[in-house]
>>> print(open('run-v8.pdb').read())   # PDB, C-alpha atoms
ATOM      1  CA  MET A   1      11.882  27.153  20.205
ATOM      2  CA  LYS A   2      11.035  23.955  18.323
ATOM      3  CA  THR A   3       9.731  24.771  14.851
ATOM      4  CA  ILE A   4       8.742  22.792  11.765
ATOM      5  CA  VAL A   5      10.324  24.465   8.737
ATOM      6  CA  ILE A   6       9.800  23.932   5.004
ATOM      7  CA  LYS A   7      12.922  24.935   3.052
ATOM      8  CA  ASN A   8      11.832  23.366  -0.243
ATOM      9  CA  TYR A   9       8.393  22.345  -1.517
ATOM     10  CA  GLY A  10       7.634  18.650  -1.753
ATOM     11  CA  GLY A  11       6.326  15.624   0.155
ATOM     12  CA  PRO A  12       6.162  15.069   3.924
ATOM     13  CA  GLU A  13       9.922  14.589   3.987
ATOM     14  CA  VAL A  14      10.494  18.351   3.535
ATOM     15  CA  LEU A  15       9.027  19.049   6.997
ATOM     16  CA  GLU A  16      12.116  19.609   9.171
ATOM     17  CA  VAL A  17      12.242  19.853  12.968
ATOM     18  CA  THR A  18      14.528  22.776  13.821
ATOM     19  CA  GLU A  19      15.305  25.231  16.613
ATOM     20  CA  SER A  20      14.543  28.899  15.979
ATOM     21  CA  PRO A  21      14.285  32.077  18.058
ATOM     22  CA  ALA A  22      10.947  32.592  19.803
ATOM     23  CA  PRO A  23       8.860  35.490  18.398
ATOM     24  CA  PHE A  24       8.275  38.574  20.530
ATOM     25  CA  ILE A  25       5.624  41.284  20.652
ATOM     26  CA  THR A  26       6.317  44.277  18.401
ATOM     27  CA  ASN A  27       2.839  45.805  18.298
ATOM     28  CA  SER A  28       0.627  46.965  21.169
ATOM     29  CA  SER A  29      -2.324  44.842  19.966
ATOM     30  CA  GLN A  30      -0.352  41.608  19.658
ATOM     31  CA  VAL A  31      -0.498  38.517  21.869
ATOM     32  CA  LEU A  32       2.166  35.832  22.345
ATOM     33  CA  VAL A  33       0.734  32.324  22.640
ATOM     34  CA  LYS A  34       2.355  29.110  23.845
ATOM     35  CA  VAL A  35       1.114  26.466  21.401
ATOM     36  CA  ARG A  36      -0.044  23.319  23.185
ATOM     37  CA  ALA A  37      -1.546  21.569  20.153
ATOM     38  CA  THR A  38      -2.120  22.097  16.454
ATOM     39  CA  SER A  39      -3.503  19.913  13.654
ATOM     40  CA  VAL A  40      -3.066  18.760  10.071
ATOM     41  CA  ASN A  41      -5.367  20.190   7.399
ATOM     42  CA  PRO A  42      -5.433  19.662   3.623
ATOM     43  CA  LEU A  43      -4.472  23.346   3.423
ATOM     44  CA  ASP A  44      -1.231  22.497   5.264
ATOM     45  CA  TYR A  45      -0.067  19.875   2.780
ATOM     46  CA  GLN A  46      -1.171  22.067  -0.118
ATOM     47  CA  VAL A  47       1.112  24.803   1.210
ATOM     48  CA  ARG A  48       3.882  22.249   1.820
ATOM     49  CA  ARG A  49       3.828  20.928  -1.736
ATOM     50  CA  GLY A  50       3.820  24.442  -3.244
ATOM     51  CA  ASP A  51       0.215  24.974  -4.327
ATOM     52  CA  TYR A  52       0.365  28.533  -2.961
ATOM     53  CA  ALA A  53       4.023  29.250  -3.696
ATOM     54  CA  SER A  54       3.207  32.716  -5.057
ATOM     55  CA  GLN A  55       1.954  33.760  -1.601
ATOM     56  CA  PHE A  56       4.948  32.572   0.429
ATOM     57  CA  GLU A  57       8.685  33.072   0.560
ATOM     58  CA  LEU A  58      10.768  30.071   1.613
ATOM     59  CA  PRO A  59      11.608  28.972   4.254
ATOM     60  CA  ILE A  60       8.146  28.829   5.799
ATOM     61  CA  THR A  61       6.282  27.295   8.728
ATOM     62  CA  THR A  62       2.777  26.116   7.907
ATOM     63  CA  GLY A  63      -0.123  25.088  10.161
ATOM     64  CA  HIS A  64      -3.579  26.645  10.558
ATOM     65  CA  ASP A  65      -4.888  25.617  13.992
ATOM     66  CA  ILE A  66      -3.709  26.625  17.461
ATOM     67  CA  ALA A  67      -4.828  25.743  20.969
ATOM     68  CA  GLY A  68      -2.701  27.096  23.779
ATOM     69  CA  ASN A  69      -2.118  29.670  26.482
ATOM     70  CA  VAL A  70      -1.509  33.399  26.365
ATOM     71  CA  VAL A  71       2.057  34.111  27.525
ATOM     72  CA  ALA A  72       2.324  37.872  27.054
ATOM     73  CA  VAL A  73       0.169  40.724  25.723
ATOM     74  CA  GLY A  74       0.818  44.111  24.126
ATOM     75  CA  GLU A  75       0.101  47.352  25.969
ATOM     76  CA  ALA A  76      -3.244  47.920  24.210
ATOM     77  CA  VAL A  77      -4.606  44.420  24.932
ATOM     78  CA  THR A  78      -7.242  44.435  27.670
ATOM     79  CA  LYS A  79      -9.381  41.341  27.028
ATOM     80  CA  TRP A  80      -6.616  38.756  27.359
ATOM     81  CA  GLN A  81      -4.016  38.089  30.011
ATOM     82  CA  PRO A  82      -1.225  35.541  30.579
ATOM     83  CA  GLY A  83      -2.595  32.100  31.352
ATOM     84  CA  ASP A  84      -5.806  32.439  29.342
ATOM     85  CA  LYS A  85      -6.722  29.379  27.268
ATOM     86  CA  VAL A  86      -7.282  30.369  23.632
ATOM     87  CA  TYR A  87      -7.760  28.787  20.241
ATOM     88  CA  TYR A  88      -7.692  30.284  16.769
ATOM     89  CA  SER A  89      -6.530  29.938  13.177
ATOM     90  CA  PRO A  90      -3.384  31.832  12.131
ATOM     91  CA  ARG A  91      -3.733  34.234   9.233
ATOM     92  CA  PHE A  92      -3.198  32.535   5.864
ATOM     93  CA  GLY A  93       0.109  33.636   4.386
ATOM     94  CA  GLY A  94       1.654  34.478   7.749
ATOM     95  CA  PRO A  95       3.682  32.389  10.240
ATOM     96  CA  GLY A  96       1.989  29.039  10.811
ATOM     97  CA  SER A  97       1.154  27.010  13.892
ATOM     98  CA  TYR A  98       3.816  24.286  13.664
ATOM     99  CA  ALA A  99       5.950  25.918  16.364
ATOM    100  CA  GLU A 100       6.130  26.196  20.160
ATOM    101  CA  TYR A 101       5.143  29.885  20.179
ATOM    102  CA  HIS A 102       3.019  32.057  17.912
ATOM    103  CA  ILE A 103       2.386  35.799  17.666
ATOM    104  CA  THR A 104      -1.029  37.029  16.584
ATOM    105  CA  ASP A 105      -3.271  40.060  16.834
ATOM    106  CA  GLU A 106      -5.737  39.963  19.725
ATOM    107  CA  SER A 107      -8.623  40.216  17.242
ATOM    108  CA  SER A 108      -7.991  36.661  16.037
ATOM    109  CA  LEU A 109      -8.313  34.979  19.441
ATOM    110  CA  SER A 110     -11.249  33.015  20.813
ATOM    111  CA  GLY A 111     -11.603  31.706  24.331
ATOM    112  CA  MET A 112     -11.106  27.943  24.412
ATOM    113  CA  PRO A 113     -14.079  25.959  25.766
ATOM    114  CA  ASP A 114     -13.410  24.580  29.251
ATOM    115  CA  ASN A 115     -15.003  21.204  28.515
ATOM    116  CA  ILE A 116     -12.441  20.037  25.925
ATOM    117  CA  SER A 117      -8.692  19.343  25.902
ATOM    118  CA  TYR A 118      -6.020  21.306  24.029
ATOM    119  CA  GLU A 119      -5.834  18.473  21.504
ATOM    120  CA  GLU A 120      -9.583  18.561  20.926
ATOM    121  CA  ALA A 121      -9.559  22.353  20.687
ATOM    122  CA  ALA A 122      -6.783  22.258  18.076
ATOM    123  CA  ALA A 123      -9.080  20.219  15.819
ATOM    124  CA  ILE A 124     -11.641  23.007  15.526
ATOM    125  CA  PRO A 125     -10.608  26.579  14.519
ATOM    126  CA  LEU A 126     -10.050  26.273  10.760
ATOM    127  CA  ILE A 127     -12.844  23.792  10.048
ATOM    128  CA  GLY A 128     -15.155  25.477  12.557
ATOM    129  CA  GLY A 129     -15.304  28.720  10.610
ATOM    130  CA  THR A 130     -15.489  26.787   7.355
ATOM    131  CA  VAL A 131     -18.412  24.593   8.420
ATOM    132  CA  TRP A 132     -20.402  27.549   9.735
ATOM    133  CA  GLU A 133     -19.766  29.443   6.499
ATOM    134  CA  MET A 134     -20.917  26.479   4.386
ATOM    135  CA  LEU A 135     -23.997  25.448   6.362
ATOM    136  CA  VAL A 136     -25.341  28.703   7.741
ATOM    137  CA  VAL A 137     -23.998  31.618   5.709
ATOM    138  CA  ARG A 138     -24.176  29.956   2.301
ATOM    139  CA  ALA A 139     -26.695  27.080   2.501
ATOM    140  CA  GLN A 140     -28.830  28.798   5.154
ATOM    141  CA  ILE A 141     -29.750  25.450   6.701
ATOM    142  CA  LYS A 142     -32.968  25.428   8.697
ATOM    143  CA  LYS A 143     -34.956  22.930  10.717
ATOM    144  CA  GLY A 144     -36.400  20.150   8.573
ATOM    145  CA  ASP A 145     -34.000  20.573   5.645
ATOM    146  CA  ARG A 146     -32.623  17.420   4.075
ATOM    147  CA  ILE A 147     -28.852  17.693   3.738
ATOM    148  CA  LEU A 148     -26.288  15.378   2.143
ATOM    149  CA  ILE A 149     -22.710  15.708   3.387
ATOM    150  CA  LEU A 150     -20.300  14.044   0.984
ATOM    151  CA  GLY A 151     -17.276  12.776   2.893
ATOM    152  CA  GLY A 152     -18.687  12.573   6.403
ATOM    153  CA  ALA A 153     -15.569  11.005   7.923
ATOM    154  CA  GLY A 154     -13.231  13.906   7.166
ATOM    155  CA  GLY A 155     -12.475  16.816   9.456
ATOM    156  CA  VAL A 156     -15.035  19.110   7.829
ATOM    157  CA  GLY A 157     -17.558  16.317   7.282
ATOM    158  CA  SER A 158     -17.487  14.987  10.853
ATOM    159  CA  LEU A 159     -18.088  18.483  12.231
ATOM    160  CA  ALA A 160     -20.681  19.362   9.572
ATOM    161  CA  ILE A 161     -22.794  16.320  10.526
ATOM    162  CA  GLN A 162     -22.969  17.515  14.126
ATOM    163  CA  VAL A 163     -23.658  21.158  13.292
ATOM    164  CA  ALA A 164     -26.338  20.266  10.735
ATOM    165  CA  LYS A 165     -28.035  18.020  13.289
ATOM    166  CA  SER A 166     -27.914  20.791  15.906
ATOM    167  CA  LEU A 167     -29.713  23.046  13.421
ATOM    168  CA  GLY A 168     -32.525  20.513  12.997
ATOM    169  CA  ALA A 169     -31.619  19.070   9.602
ATOM    170  CA  TYR A 170     -32.160  15.476   8.470
ATOM    171  CA  VAL A 171     -28.630  14.330   7.638
ATOM    172  CA  TYR A 172     -27.454  11.956   4.930
ATOM    173  CA  THR A 173     -23.730  11.331   4.537
ATOM    174  CA  THR A 174     -21.280   9.078   2.718
ATOM    175  CA  GLY A 175     -18.627   6.911   4.346
ATOM    176  CA  GLN A 176     -17.106   3.442   4.381
ATOM    177  CA  SER A 177     -19.167   0.645   5.944
ATOM    178  CA  ILE A 178     -16.688   0.230   8.798
ATOM    179  CA  LEU A 179     -17.438   3.815   9.872
ATOM    180  CA  HIS A 180     -21.250   3.741   9.641
ATOM    181  CA  GLU A 181     -21.893   3.251  13.345
ATOM    182  CA  LYS A 182     -19.527   6.059  14.298
ATOM    183  CA  LEU A 183     -21.009   8.449  11.730
ATOM    184  CA  GLN A 184     -24.495   7.676  13.005
ATOM    185  CA  HIS A 185     -23.276   8.335  16.539
ATOM    186  CA  LEU A 186     -22.214  11.816  15.342
ATOM    187  CA  GLY A 187     -25.782  12.424  14.194
ATOM    188  CA  ALA A 188     -26.083  11.108  10.644
ATOM    189  CA  ASP A 189     -29.567   9.721  10.016
ATOM    190  CA  VAL A 190     -28.515   7.760   6.928
ATOM    191  CA  VAL A 191     -25.008   6.670   5.915
ATOM    192  CA  ILE A 192     -24.335   5.572   2.332
ATOM    193  CA  ASP A 193     -21.278   3.459   1.535
ATOM    194  CA  HIS A 194     -19.912   5.352  -1.474
ATOM    195  CA  GLN A 195     -17.535   2.479  -2.269
ATOM    196  CA  LYS A 196     -20.349  -0.039  -2.708
ATOM    197  CA  GLU A 197     -23.406   2.090  -3.542
ATOM    198  CA  ASN A 198     -24.265   4.874  -5.962
ATOM    199  CA  TRP A 199     -25.018   7.826  -3.676
ATOM    200  CA  VAL A 200     -27.192   9.558  -6.275
ATOM    201  CA  GLU A 201     -29.410   6.472  -6.648
ATOM    202  CA  GLU A 202     -29.522   5.953  -2.889
ATOM    203  CA  ILE A 203     -30.626   9.540  -2.241
ATOM    204  CA  GLN A 204     -33.310   9.266  -4.918
ATOM    205  CA  SER A 205     -34.543   6.066  -3.264
ATOM    206  CA  TYR A 206     -34.510   7.440   0.300
ATOM    207  CA  THR A 207     -36.316  10.653  -0.714
ATOM    208  CA  GLN A 208     -38.804   9.017  -3.126
ATOM    209  CA  GLY A 209     -37.291  10.999  -5.996
ATOM    210  CA  LYS A 210     -37.587  14.392  -4.299
ATOM    211  CA  GLY A 211     -33.860  14.822  -3.623
ATOM    212  CA  VAL A 212     -32.141  16.738  -0.826
ATOM    213  CA  ASP A 213     -32.296  20.466  -0.181
ATOM    214  CA  VAL A 214     -28.566  20.937   0.345
ATOM    215  CA  ILE A 215     -25.424  19.082  -0.699
ATOM    216  CA  ILE A 216     -22.138  19.812   1.082
ATOM    217  CA  ASP A 217     -19.150  18.690  -1.001
ATOM    218  CA  THR A 218     -15.802  17.904   0.628
ATOM    219  CA  VAL A 219     -14.825  15.293  -1.969
ATOM    220  CA  GLY A 220     -14.520  16.836  -5.445
ATOM    221  CA  GLY A 221     -14.227  14.667  -8.552
ATOM    222  CA  THR A 222     -17.450  14.836 -10.580
ATOM    223  CA  THR A 223     -19.490  16.130  -7.648
ATOM    224  CA  LEU A 224     -20.583  19.386  -9.272
ATOM    225  CA  SER A 225     -21.966  17.486 -12.264
ATOM    226  CA  ASP A 226     -23.534  14.677 -10.231
ATOM    227  CA  SER A 227     -25.060  16.688  -7.381
ATOM    228  CA  PRO A 228     -28.124  18.013  -9.266
ATOM    229  CA  LEU A 229     -29.201  14.419  -9.882
ATOM    230  CA  ALA A 230     -29.714  14.061  -6.108
ATOM    231  CA  LEU A 231     -30.897  17.621  -5.509
ATOM    232  CA  ALA A 232     -34.411  18.937  -4.951
ATOM    233  CA  ASP A 233     -35.722  21.754  -7.123
ATOM    234  CA  TYR A 234     -34.159  25.071  -6.090
ATOM    235  CA  GLY A 235     -31.608  23.154  -4.037
ATOM    236  CA  THR A 236     -28.150  24.356  -3.002
ATOM    237  CA  VAL A 237     -24.687  22.882  -3.534
ATOM    238  CA  VAL A 238     -21.784  24.157  -1.429
ATOM    239  CA  THR A 239     -18.290  22.913  -2.289
ATOM    240  CA  LEU A 240     -15.012  23.295  -0.457
ATOM    241  CA  VAL A 241     -12.965  21.633  -3.190
ATOM    242  CA  ASP A 242     -11.124  23.371  -6.018
ATOM    243  CA  ILE A 243     -12.137  21.076  -8.882
ATOM    244  CA  ALA A 244      -9.873  21.442 -11.882
ATOM    245  CA  GLN A 245     -11.622  19.015 -14.235
ATOM    246  CA  PRO A 246     -14.481  20.217 -16.482
ATOM    247  CA  GLN A 247     -18.000  19.829 -15.075
ATOM    248  CA  ASN A 248     -21.336  19.574 -16.905
ATOM    249  CA  LEU A 249     -23.932  21.712 -15.119
ATOM    250  CA  ILE A 250     -26.899  21.152 -17.457
ATOM    251  CA  HIS A 251     -28.784  19.286 -14.719
ATOM    252  CA  ALA A 252     -28.074  22.118 -12.266
ATOM    253  CA  TRP A 253     -29.828  24.492 -14.664
ATOM    254  CA  GLU A 254     -32.810  22.132 -14.874
ATOM    255  CA  LYS A 255     -33.105  22.119 -11.065
ATOM    256  CA  ASN A 256     -32.680  25.903 -10.694
ATOM    257  CA  ALA A 257     -29.785  24.999  -8.408
ATOM    258  CA  THR A 258     -27.577  27.450  -6.544
ATOM    259  CA  TYR A 259     -23.842  26.761  -6.264
ATOM    260  CA  HIS A 260     -21.492  28.227  -3.663
ATOM    261  CA  PHE A 261     -17.702  27.928  -3.692
ATOM    262  CA  VAL A 262     -16.012  28.304  -0.311
ATOM    263  CA  PHE A 263     -12.330  28.824   0.429
ATOM    264  CA  THR A 264     -11.383  27.768   3.946
ATOM    265  CA  ARG A 265     -12.601  30.416   6.390
ATOM    266  CA  GLN A 266     -10.578  31.928   9.235
ATOM    267  CA  SER A 267     -13.104  33.973  11.177
ATOM    268  CA  ARG A 268     -13.355  34.446  14.943
ATOM    269  CA  ASP A 269     -16.968  35.553  14.583
ATOM    270  CA  GLU A 270     -17.962  32.277  12.926
ATOM    271  CA  LEU A 271     -15.864  30.211  15.348
ATOM    272  CA  HIS A 272     -17.856  31.774  18.197
ATOM    273  CA  HIS A 273     -20.965  29.871  17.074
ATOM    274  CA  ILE A 274     -19.071  26.570  17.117
ATOM    275  CA  THR A 275     -17.681  27.401  20.561
ATOM    276  CA  GLN A 276     -21.229  27.754  21.890
ATOM    277  CA  LEU A 277     -22.221  24.392  20.400
ATOM    278  CA  ILE A 278     -19.189  22.756  22.046
ATOM    279  CA  GLU A 279     -19.920  24.358  25.416
ATOM    280  CA  THR A 280     -23.530  23.146  25.329
ATOM    281  CA  GLY A 281     -22.479  19.624  24.351
ATOM    282  CA  GLN A 282     -24.109  19.654  20.913
ATOM    283  CA  VAL A 283     -20.761  19.338  19.145
ATOM    284  CA  LYS A 284     -17.639  17.407  20.125
ATOM    285  CA  PRO A 285     -14.323  17.498  18.237
ATOM    286  CA  VAL A 286     -13.555  14.240  16.454
ATOM    287  CA  ILE A 287      -9.916  13.150  16.773
ATOM    288  CA  ASP A 288      -8.511  10.567  14.379
ATOM    289  CA  SER A 289      -5.056  10.389  15.927
ATOM    290  CA  ILE A 290      -2.520  12.414  17.914
ATOM    291  CA  TYR A 291       1.176  12.659  17.018
ATOM    292  CA  PRO A 292       3.965  14.493  18.837
ATOM    293  CA  ILE A 293       5.103  17.479  16.759
ATOM    294  CA  GLU A 294       8.402  15.656  16.076
ATOM    295  CA  GLU A 295       6.422  13.089  14.051
ATOM    296  CA  VAL A 296       4.815  15.676  11.780
ATOM    297  CA  GLN A 297       5.995  13.772   8.687
ATOM    298  CA  LYS A 298       4.048  10.666   9.789
ATOM    299  CA  ALA A 299       0.987  12.816  10.470
ATOM    300  CA  HIS A 300       1.088  14.285   6.958
ATOM    301  CA  GLN A 301       1.608  10.819   5.490
ATOM    302  CA  ARG A 302      -1.517   9.551   7.263
ATOM    303  CA  MET A 303      -3.529  12.477   5.923
ATOM    304  CA  GLU A 304      -2.441  11.885   2.319
ATOM    305  CA  ASP A 305      -2.188   8.081   2.204
ATOM    306  CA  SER A 306      -4.984   6.660   0.056
ATOM    307  CA  LYS A 307      -4.159   3.092   1.190
ATOM    308  CA  ARG A 308      -4.582   3.500   4.948
ATOM    309  CA  ASN A 309      -4.896   0.333   7.039
ATOM    310  CA  ARG A 310      -7.454   2.247   9.141
ATOM    311  CA  PRO A 311      -9.944   4.719   7.627
ATOM    312  CA  LEU A 312      -9.509   8.369   8.533
ATOM    313  CA  LEU A 313     -12.173   9.738  10.909
ATOM    314  CA  GLY A 314     -11.929  13.336  12.055
ATOM    315  CA  LYS A 315      -8.801  15.435  12.548
ATOM    316  CA  ILE A 316      -5.132  14.489  12.904
ATOM    317  CA  VAL A 317      -3.650  16.447  15.819
ATOM    318  CA  LEU A 318      -0.063  17.399  16.660
ATOM    319  CA  SER A 319       0.805  17.755  20.348
ATOM    320  CA  LEU A 320       3.577  20.003  21.666
TER     321      LEU A 320
END
>>> encode(input="run-v8.pdb", output="structure tokens")
Amino acid sequence: MKTIVIKNYGGPEVLEVTESPAPFITNSSQVLVKVRATSVNPLDYQVRRGDYASQFELPITTGHDIAGNVVAVGEAVTKWQPGDKVYYSPRFGGPGSYAEYHITDESSLSGMPDNISYEEAAAIPLIGGTVWEMLVVRAQIKKGDRILILGGAGGVGSLAIQVAKSLGAYVYTTGQSILHEKLQHLGADVVIDHQKENWVEEIQSYTQGKGVDVIIDTVGGTTLSDSPLALADYGTVVTLVDIAQPQNLIHAWEKNATYHFVFTRQSRDELHHITQLIETGQVKPVIDSIYPIEEVQKAHQRMEDSKRNRPLLGKIVLSL
């Protein structure tokens, strides 16, 4: 089968297209899936460059999203059968999704919504669980809450806007001017151009100094220090970014703020909620671009390039 293999850590150039034996079922609860599409996540290039080298043994295949069809099932599997459309996120640390076939335990599978394509489905599993964890489990978003999503054009941000809106929140987000109309179409009530405007000052102006109830951080930098300046009393900050630089949280203390730190979630239970929102039309996957799996290097380059000729909006998908 066609597989993308990493033999040495480094840039996109270390992603090699190779042929390898297809996996086969060795456990009665396992399922073999034909991968029809996968996607590119920041977690993928972090693995590729060696950020998690202690948890892997080279050579490795990365990738954390799968949309495809069940090909074969173990003897104990009763819920799934060959031909079923499924989507899921492979277990972190195990074999990744950049391959034609993937083996997983039946407990990780979710039924793929019928109203989206394989490419659209591949954009959802990893960020779906993550967004639900951030907005509902941690921030406990409710109707009428004011929420600021920093980085609304990214994979997590573009989904978070839609989910927050479906939950009845009033949504502020940041994004380049060229993307404002598209971000508003996703459900953002107010879009702030972070390249031309100070988002803290803009939030203070829009809320008459009251601030927002929740800030979702997908950006990093000085966000943890700056967020309390745009936060309401007893507000909540949820960040997905591992921020290495020192942060000053004196203003967080003054606001009685609550901080949550979220590592990317791979949970079928949380993905189920996103599936329902997709099936009812409240959420639609946002696709930035689609590359054939053979062009995985170009896909990673687009994800990481800070000087793109076209701004990134949504997920980069790999088709098999």
>>> closest_residue(input="run-v8.pdb", among="A:Thr130, A:Ser306, A:Gln297, A:Ser28", to="Tyr45 in chain A", atoms="all atoms listed in the file")
A:Gln297
>>> resolve_selection(input="run-v8.pdb", expression="the PyMOL selection byres ((chain A and resi 44) around 12)", output="VMD selection string")
chain A and resid 4 6 9 to 12 15 38 to 43 45 to 52 60 to 65 90 92 to 93 96 to 98 126 264 296 to 297 299 to 300 303 to 304 316
>>> resolve_selection(input="run-v8.pdb", expression="the PyMOL selection byres ((chain A and resi 210-212) around 10)", output="ChimeraX atom specification")
/A:145-148,170-172,200-209,213-215,227-233,235-236
>>> resolve_selection(input="run-v8.pdb", expression="the PyMOL selection byres ((chain A and resi 70-73) around 7)", output="ChimeraX atom specification")
/A:30-34,68-69,74-75,77,81-85
>>> residues_near_point(input="run-v8.pdb", point="(-16.8, 18.9, 25.1)", cutoff="6 Å", atoms="all atoms listed in the file", output="compact mmCIF listing (two decimals) with C-alpha atoms, in the coordinates of the input")
# COMPACT_ATOMS: atom_id res chain seq x y z
CA ASN A 115 -15.00 21.20 28.52
CA ILE A 116 -12.44 20.04 25.92
CA ILE A 278 -19.19 22.76 22.05
CA GLY A 281 -22.48 19.62 24.35
CA LYS A 284 -17.64 17.41 20.12
>>> closest_residue(input="run-v8.pdb", among="A:Val35, A:Val237, A:Ile141, A:Ile127", to="Glu100 in chain A", atoms="all atoms listed in the file")
A:Val35
>>> closest_residue(input="run-v8.pdb", among="A:Gly94, A:Leu240, A:Pro292, A:Val17", to="Leu58 in chain A", atoms="all atoms listed in the file")
A:Gly94
>>> atom_distance(input="run-v8.pdb", atom1="CA of Leu277 in chain A", atom2="CA of Glu181 in chain A")
22.3 Å
>>> atom_distance(input="run-v8.pdb", atom1="CA of His260 in chain A", atom2="CA of Arg138 in chain A")
6.8 Å
>>> closest_residue(input="run-v8.pdb", among="A:Leu271, A:Val131, A:Val163, A:Val14", to="Tyr88 in chain A", atoms="only C-alpha atoms")
A:Leu271
>>> atom_distance(input="run-v8.pdb", atom1="CA of Ala37 in chain A", atom2="CA of Ser107 in chain A")
20.2 Å
>>> closest_residue(input="run-v8.pdb", among="A:Ala123, A:Ile103, A:Leu109, A:Ile66", to="Lys79 in chain A", atoms="all atoms listed in the file")
A:Leu109
>>> residues_around(input="run-v8.pdb", residues="range 308-312 of chain A", least_positions_apart="5", cutoff="10 Å", atoms="all atoms listed in the file", output="list in words")
Ala153, Gly154, Gly155, Gly175, Gln176, Ile178, Leu179, Ile287, Asp288, Ser289, Gln301, Arg302 and Met303 of chain A
>>> closest_residue(input="run-v8.pdb", among="A:Thr78, A:Thr18, A:Thr239, A:Gln184", to="Leu150 in chain A", atoms="all atoms listed in the file")
A:Thr239
>>> axis_aligned_box(input="run-v8.pdb", around="range 171-184 of chain A", padding_each_side="4 Å", output="AutoDock Vina command-line options")
--center_x -22.7 --center_y 7.3 --center_z 8.5 --size_x 19.9 --size_y 22.1 --size_z 19.6
>>> residues_near_point(input="run-v8.pdb", point="(-1.3, 41.2, 15.5)", cutoff="6 Å", atoms="all atoms listed in the file", output="PyMOL selection string")
chain A and resi 29-30+104-105
>>> decode(input="run-v8.pdb", residues="range 31-45 of chain A", atoms="N, CA and C atoms", output="mmCIF file, in the first residue's frame")
data_model
loop_
_atom_site.group_PDB
_atom_site.id
_atom_site.type_symbol
_atom_site.label_atom_id
_atom_site.label_comp_id
_atom_site.auth_asym_id
_atom_site.auth_seq_id
_atom_site.Cartn_x
_atom_site.Cartn_y
_atom_site.Cartn_z
ATOM 1 N N VAL A 31 -10.639 -3.303 13.456
ATOM 2 C CA VAL A 31 -11.299 -3.023 12.180
ATOM 3 C C VAL A 31 -10.249 -2.529 11.196
ATOM 4 N N LEU A 32 -10.306 -3.007 9.961
ATOM 5 C CA LEU A 32 -9.414 -2.532 8.903
ATOM 6 C C LEU A 32 -10.190 -1.526 8.053
ATOM 7 N N VAL A 33 -9.590 -0.352 7.874
ATOM 8 C CA VAL A 33 -10.259 0.734 7.153
ATOM 9 C C VAL A 33 -9.463 1.132 5.922
ATOM 10 N N LYS A 34 -10.166 1.286 4.801
ATOM 11 C CA LYS A 34 -9.564 1.857 3.593
ATOM 12 C C LYS A 34 -9.663 3.362 3.718
ATOM 13 N N VAL A 35 -8.530 4.039 3.776
ATOM 14 C CA VAL A 35 -8.488 5.492 3.954
ATOM 15 C C VAL A 35 -8.798 6.173 2.625
ATOM 16 N N ARG A 36 -9.832 6.985 2.619
ATOM 17 C CA ARG A 36 -10.197 7.735 1.410
ATOM 18 C C ARG A 36 -9.689 9.168 1.453
ATOM 19 N N ALA A 37 -9.537 9.708 2.668
ATOM 20 C CA ALA A 37 -9.004 11.065 2.823
ATOM 21 C C ALA A 37 -8.472 11.234 4.234
ATOM 22 N N THR A 38 -7.485 12.103 4.353
ATOM 23 C CA THR A 38 -6.937 12.471 5.660
ATOM 24 C C THR A 38 -6.668 13.975 5.615
ATOM 25 N N SER A 39 -5.993 14.526 6.609
ATOM 26 C CA SER A 39 -5.770 15.974 6.599
ATOM 27 C C SER A 39 -4.437 16.320 7.238
ATOM 28 N N VAL A 40 -4.109 17.599 7.198
ATOM 29 C CA VAL A 40 -2.871 18.094 7.806
ATOM 30 C C VAL A 40 -3.230 18.916 9.039
ATOM 31 N N ASN A 41 -2.657 18.548 10.174
ATOM 32 C CA ASN A 41 -2.850 19.270 11.425
ATOM 33 C C ASN A 41 -1.504 19.788 11.924
ATOM 34 N N PRO A 42 -1.498 20.845 12.749
ATOM 35 C CA PRO A 42 -0.249 21.251 13.387
ATOM 36 C C PRO A 42 0.422 20.094 14.128
ATOM 37 N N LEU A 43 -0.384 19.204 14.723
ATOM 38 C CA LEU A 43 0.172 18.051 15.417
ATOM 39 C C LEU A 43 1.002 17.184 14.476
ATOM 40 N N ASP A 44 0.609 17.115 13.195
ATOM 41 C CA ASP A 44 1.334 16.298 12.225
ATOM 42 C C ASP A 44 2.731 16.859 11.964
ATOM 43 N N TYR A 45 2.821 18.176 11.748
ATOM 44 C CA TYR A 45 4.165 18.713 11.482
ATOM 45 C C TYR A 45 5.003 18.789 12.753
#
